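Participant: Input: one structure, supplied below.
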Amino acid sequence: MHTIAQKKGGASLDEIEWQDSFLSNNDASFPNDPTGELPNSWGAAEASFHIRGVTYLKDRKKVKGKGTLIELVSANMLKSTNKQDDFAGRSGSICQKFADMDRPDFFFIVNMQIPAPTATYHIAFYYETTTPIKDVPLLKNFVDGDDAYRNARFKLIPRVSKGPWIIKQSVGNRPCLLGQILKIQYVRGNNYLELDIDVGSSTIAKKVANRVLSSFNNLIVEAAFLIQGNTLEELPEHLLGTCRMSHIDISKVPLVVWLIATLFSSASLSAASEKKLNIIVPVSSVKEA
C-alpha cells in the first residue's frame, strides 16, 4: 500500500510518478485522509503531543506541540516473508528519483518492522523537508551523528485515540527512546536517513505490536517522533513529525516477495543484469520468459 500527499505550496510530489519497484500499487485502498475518519487510511496526527518545554530542566513541565519540523508526505504498509531494510535506497524509490534530479528535498523515513506468525509487516512513513538540514541544527546533529547518539535521542510518543481500553492500556502514551529497547539500523543516503526499526528485537514490544495488528481495524493509532532535548539549548523540544493509521484492514496488506533480478531471464531483467544493477522487484511483477 502506498500513496502520495499533496504538499502545501509549490509543486506537489505526485507531479513526479511514484514508481517504487518494491511496492504494490494500492493507492485506492490505502489513501491519505487528513480527517482520520476514513477506514484504511493514513495521515498526519494533530501535533498535540506533550513535549518538554523551555523550562523543563527546572520544573519538569511539558507543553503541547505546535507543529512539526518535517512534513509527512507518504506512507506504505506491506508484508513480506522476511525483514526488509533501506526502502529509500532501492532503485526507483522517490528518494533516488529526487537525488537524480538534484532536488533539494531531504527525506526522513521511519520503517517499523513487525514480525507476526506468518509474515513480517512493514509500516513506513516518509517525511520530507526542502529546508537544508544544516539550517536545522537539531536535525543535522541527529542525521550526521553516530548510532550511539541517535539511540540516546530518538523518541516515540504513541497513543491510541480510538479503540478498546485494553489496547490503549497496552500501548500507553509515555515517551520512549526507541533505540534503548529496540534494534535500529540507520541508513544514511545522499538525501535521506532511514530508520529500520526491528520491533521483534524486544519480546514485550513484539507482543504489544501483534496485539495492535490483531485489532487494527478497530483502532486509530497515532504517534509522534522527535529528538529528545537534554540541554537548555535543545529546549523546548520540537516534533519531527506525526502519523496516524485509521482502521487498517491487514487482510488487504499486500504480500510482496523479493527476488534478485539476475535470477530471471526476461529481456528487461537481462538488460539490468548486463548493467550489473542490483534491482529487487516483487515476484508478482515478473513474467515467465
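Residue names in the C-alpha cells use chain letters A, B, ... in the order shown, residue numbers from 1 in each chain, and ligand numbers from 1 in the order shown.
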Which residues come within 9 Å of region 224-238 of chain A, counting only C-alpha atoms, excluding same-chain residues fewer than 2 positions away, as a PyMOL selection string?
Facilitator: chain A and resi 45+47+49+51-57+62-63+65-69+138-139+142+150+152-159+177+222+240-243
Participant: With a distance cut-off of 9 Å and only C-alpha atoms, select the neighbouring residues of Pro115 (chain A), excluding the residue or stretch itself and same-chain residues fewer than 4 positions from it, and output the selection as a PyMOL selection string.
Facilitator: chain A and resi 82-83+119-122+198-200+206+209-210
Participant: I need the residues from that last selection saved to file as a PDB file, in the first residue's frame (with all heavy atoms), if you can.
Facilitator:
```pdb
ATOM      1  N   ASN A  82      10.287 -11.953   5.004  1.00  0.00           N
ATOM      2  CA  ASN A  82      11.367 -11.625   5.927  1.00  0.00           C
ATOM      3  C   ASN A  82      11.514 -10.103   6.045  1.00  0.00           C
ATOM      4  O   ASN A  82      10.857  -9.352   5.333  1.00  0.00           O
ATOM      5  CB  ASN A  82      12.698 -12.256   5.484  1.00  0.00           C
ATOM      6  CG  ASN A  82      13.004 -11.983   4.025  1.00  0.00           C
ATOM      7  OD1 ASN A  82      12.532 -11.003   3.463  1.00  0.00           O
ATOM      8  ND2 ASN A  82      13.781 -12.854   3.409  1.00  0.00           N
ATOM      9  N   LYS A  83      12.376  -9.684   6.927  1.00  0.00           N
ATOM     10  CA  LYS A  83      12.545  -8.272   7.229  1.00  0.00           C
ATOM     11  C   LYS A  83      13.236  -7.563   6.072  1.00  0.00           C
ATOM     12  O   LYS A  83      14.224  -8.040   5.532  1.00  0.00           O
ATOM     13  CB  LYS A  83      13.348  -8.132   8.522  1.00  0.00           C
ATOM     14  CG  LYS A  83      13.485  -6.744   9.068  1.00  0.00           C
ATOM     15  CD  LYS A  83      13.885  -6.780  10.542  1.00  0.00           C
ATOM     16  CE  LYS A  83      15.191  -7.522  10.751  1.00  0.00           C
ATOM     17  NZ  LYS A  83      16.358  -6.773  10.260  1.00  0.00           N
ATOM     18  N   ALA A 119       4.151 -13.668   8.700  1.00  0.00           N
ATOM     19  CA  ALA A 119       4.850 -12.720   7.834  1.00  0.00           C
ATOM     20  C   ALA A 119       5.427 -11.596   8.685  1.00  0.00           C
ATOM     21  O   ALA A 119       5.121 -11.482   9.879  1.00  0.00           O
ATOM     22  CB  ALA A 119       3.902 -12.155   6.772  1.00  0.00           C
ATOM     23  N   THR A 120       6.251 -10.776   8.055  1.00  0.00           N
ATOM     24  CA  THR A 120       6.750  -9.565   8.703  1.00  0.00           C
ATOM     25  C   THR A 120       6.049  -8.371   8.081  1.00  0.00           C
ATOM     26  O   THR A 120       6.076  -8.191   6.852  1.00  0.00           O
ATOM     27  CB  THR A 120       8.270  -9.426   8.526  1.00  0.00           C
ATOM     28  OG1 THR A 120       8.929 -10.505   9.189  1.00  0.00           O
ATOM     29  CG2 THR A 120       8.765  -8.108   9.124  1.00  0.00           C
ATOM     30  N   TYR A 121       5.400  -7.566   8.910  1.00  0.00           N
ATOM     31  CA  TYR A 121       4.713  -6.369   8.433  1.00  0.00           C
ATOM     32  C   TYR A 121       5.665  -5.182   8.484  1.00  0.00           C
ATOM     33  O   TYR A 121       6.475  -5.053   9.405  1.00  0.00           O
ATOM     34  CB  TYR A 121       3.475  -6.088   9.279  1.00  0.00           C
ATOM     35  CG  TYR A 121       2.341  -7.048   9.026  1.00  0.00           C
ATOM     36  CD1 TYR A 121       2.300  -8.287   9.662  1.00  0.00           C
ATOM     37  CD2 TYR A 121       1.316  -6.728   8.145  1.00  0.00           C
ATOM     38  CE1 TYR A 121       1.269  -9.183   9.424  1.00  0.00           C
ATOM     39  CE2 TYR A 121       0.267  -7.614   7.901  1.00  0.00           C
ATOM     40  CZ  TYR A 121       0.256  -8.839   8.543  1.00  0.00           C
ATOM     41  OH  TYR A 121      -0.759  -9.724   8.299  1.00  0.00           O
ATOM     42  N   HIS A 122       5.548  -4.325   7.484  1.00  0.00           N
ATOM     43  CA  HIS A 122       6.332  -3.103   7.431  1.00  0.00           C
ATOM     44  C   HIS A 122       5.377  -1.917   7.341  1.00  0.00           C
ATOM     45  O   HIS A 122       4.505  -1.888   6.471  1.00  0.00           O
ATOM     46  CB  HIS A 122       7.250  -3.087   6.206  1.00  0.00           C
ATOM     47  CG  HIS A 122       8.246  -4.208   6.192  1.00  0.00           C
ATOM     48  ND1 HIS A 122       7.904  -5.495   5.859  1.00  0.00           N
ATOM     49  CD2 HIS A 122       9.567  -4.237   6.485  1.00  0.00           C
ATOM     50  CE1 HIS A 122       8.982  -6.271   5.942  1.00  0.00           C
ATOM     51  NE2 HIS A 122       9.996  -5.533   6.326  1.00  0.00           N
ATOM     52  N   ASP A 198      13.517  -2.700  14.232  1.00  0.00           N
ATOM     53  CA  ASP A 198      13.170  -4.115  14.409  1.00  0.00           C
ATOM     54  C   ASP A 198      12.351  -4.282  15.693  1.00  0.00           C
ATOM     55  O   ASP A 198      12.903  -4.434  16.777  1.00  0.00           O
ATOM     56  CB  ASP A 198      14.453  -4.940  14.472  1.00  0.00           C
ATOM     57  CG  ASP A 198      14.179  -6.436  14.594  1.00  0.00           C
ATOM     58  OD1 ASP A 198      12.993  -6.831  14.540  1.00  0.00           O
ATOM     59  OD2 ASP A 198      15.149  -7.204  14.745  1.00  0.00           O
ATOM     60  N   VAL A 199      11.030  -4.261  15.544  1.00  0.00           N
ATOM     61  CA  VAL A 199      10.148  -4.401  16.704  1.00  0.00           C
ATOM     62  C   VAL A 199      10.311  -5.776  17.346  1.00  0.00           C
ATOM     63  O   VAL A 199      10.128  -5.945  18.553  1.00  0.00           O
ATOM     64  CB  VAL A 199       8.683  -4.157  16.295  1.00  0.00           C
ATOM     65  CG1 VAL A 199       7.736  -4.368  17.476  1.00  0.00           C
ATOM     66  CG2 VAL A 199       8.518  -2.745  15.738  1.00  0.00           C
ATOM     67  N   GLY A 200      10.712  -6.748  16.562  1.00  0.00           N
ATOM     68  CA  GLY A 200      10.890  -8.098  17.080  1.00  0.00           C
ATOM     69  C   GLY A 200      12.098  -8.257  17.975  1.00  0.00           C
ATOM     70  O   GLY A 200      12.271  -9.316  18.596  1.00  0.00           O
ATOM     71  N   LYS A 206       7.168  -6.685  20.685  1.00  0.00           N
ATOM     72  CA  LYS A 206       6.586  -7.569  19.676  1.00  0.00           C
ATOM     73  C   LYS A 206       5.183  -8.012  20.088  1.00  0.00           C
ATOM     74  O   LYS A 206       4.256  -8.028  19.267  1.00  0.00           O
ATOM     75  CB  LYS A 206       7.489  -8.785  19.479  1.00  0.00           C
ATOM     76  CG  LYS A 206       6.952  -9.799  18.480  1.00  0.00           C
ATOM     77  CD  LYS A 206       7.891 -10.997  18.377  1.00  0.00           C
ATOM     78  CE  LYS A 206       7.335 -12.069  17.457  1.00  0.00           C
ATOM     79  NZ  LYS A 206       8.243 -13.249  17.369  1.00  0.00           N
ATOM     80  N   ALA A 209       2.819  -5.025  19.712  1.00  0.00           N
ATOM     81  CA  ALA A 209       2.593  -4.718  18.305  1.00  0.00           C
ATOM     82  C   ALA A 209       1.659  -5.737  17.654  1.00  0.00           C
ATOM     83  O   ALA A 209       0.788  -5.372  16.849  1.00  0.00           O
ATOM     84  CB  ALA A 209       3.923  -4.671  17.562  1.00  0.00           C
ATOM     85  N   ASN A 210       1.810  -6.998  17.990  1.00  0.00           N
ATOM     86  CA  ASN A 210       0.928  -8.014  17.418  1.00  0.00           C
ATOM     87  C   ASN A 210      -0.495  -7.895  17.956  1.00  0.00           C
ATOM     88  O   ASN A 210      -1.456  -8.208  17.255  1.00  0.00           O
ATOM     89  CB  ASN A 210       1.489  -9.409  17.683  1.00  0.00           C
ATOM     90  CG  ASN A 210       2.506  -9.844  16.645  1.00  0.00           C
ATOM     91  OD1 ASN A 210       2.167 -10.456  15.634  1.00  0.00           O
ATOM     92  ND2 ASN A 210       3.768  -9.502  16.873  1.00  0.00           N
TER      93      ASN A 210
END
```
Participant: To one decimal in Å, tell me the separation between CA of Val171 (chain A) and CA of Ile220 (chain A).
Facilitator: 12.0 Å
Participant: Return as an MDAnalysis selection string the full set of residues in region 3-245 of chain A whose backbone-based DSSP assignment is strand (DSSP E).
Facilitator: chainID A and resid 3:4 41:43 50:52 62:64 71:80 106:115 120:129 154:162 176:177 183:188 192:198 220:227 239:245
Participant: Please list as a PyMOL selection string every residue within 9 Å of Ser170 (chain A), counting only C-alpha atoms and excluding residues in the same chain fewer than 6 positions away.
Facilitator: chain A and resi 208+211-212
Participant: Could you tell me how far CA of Asp105 (chain A) lies from CA of Thr129 (chain A), in Å and to one decimal?
Facilitator: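 Between CA of Asp105 (chain A) and CA of Thr129 (chain A) the gap works out to 5.6 Å.
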Participant: For Gly163 (chain A), list every protein, DNA or RNA residue within 10 Å, evaluated using only C-alpha atoms, and leave out those in the same chain fewer than 2 positions away; present the list as a list in words.
Facilitator: Val160, Ser161, Trp165, Ile166, Ile167, Lys168, Val212, Ser215, Phe216, Asn217, Asn218, Leu219, Ile220, Val221 and His247 of chain A
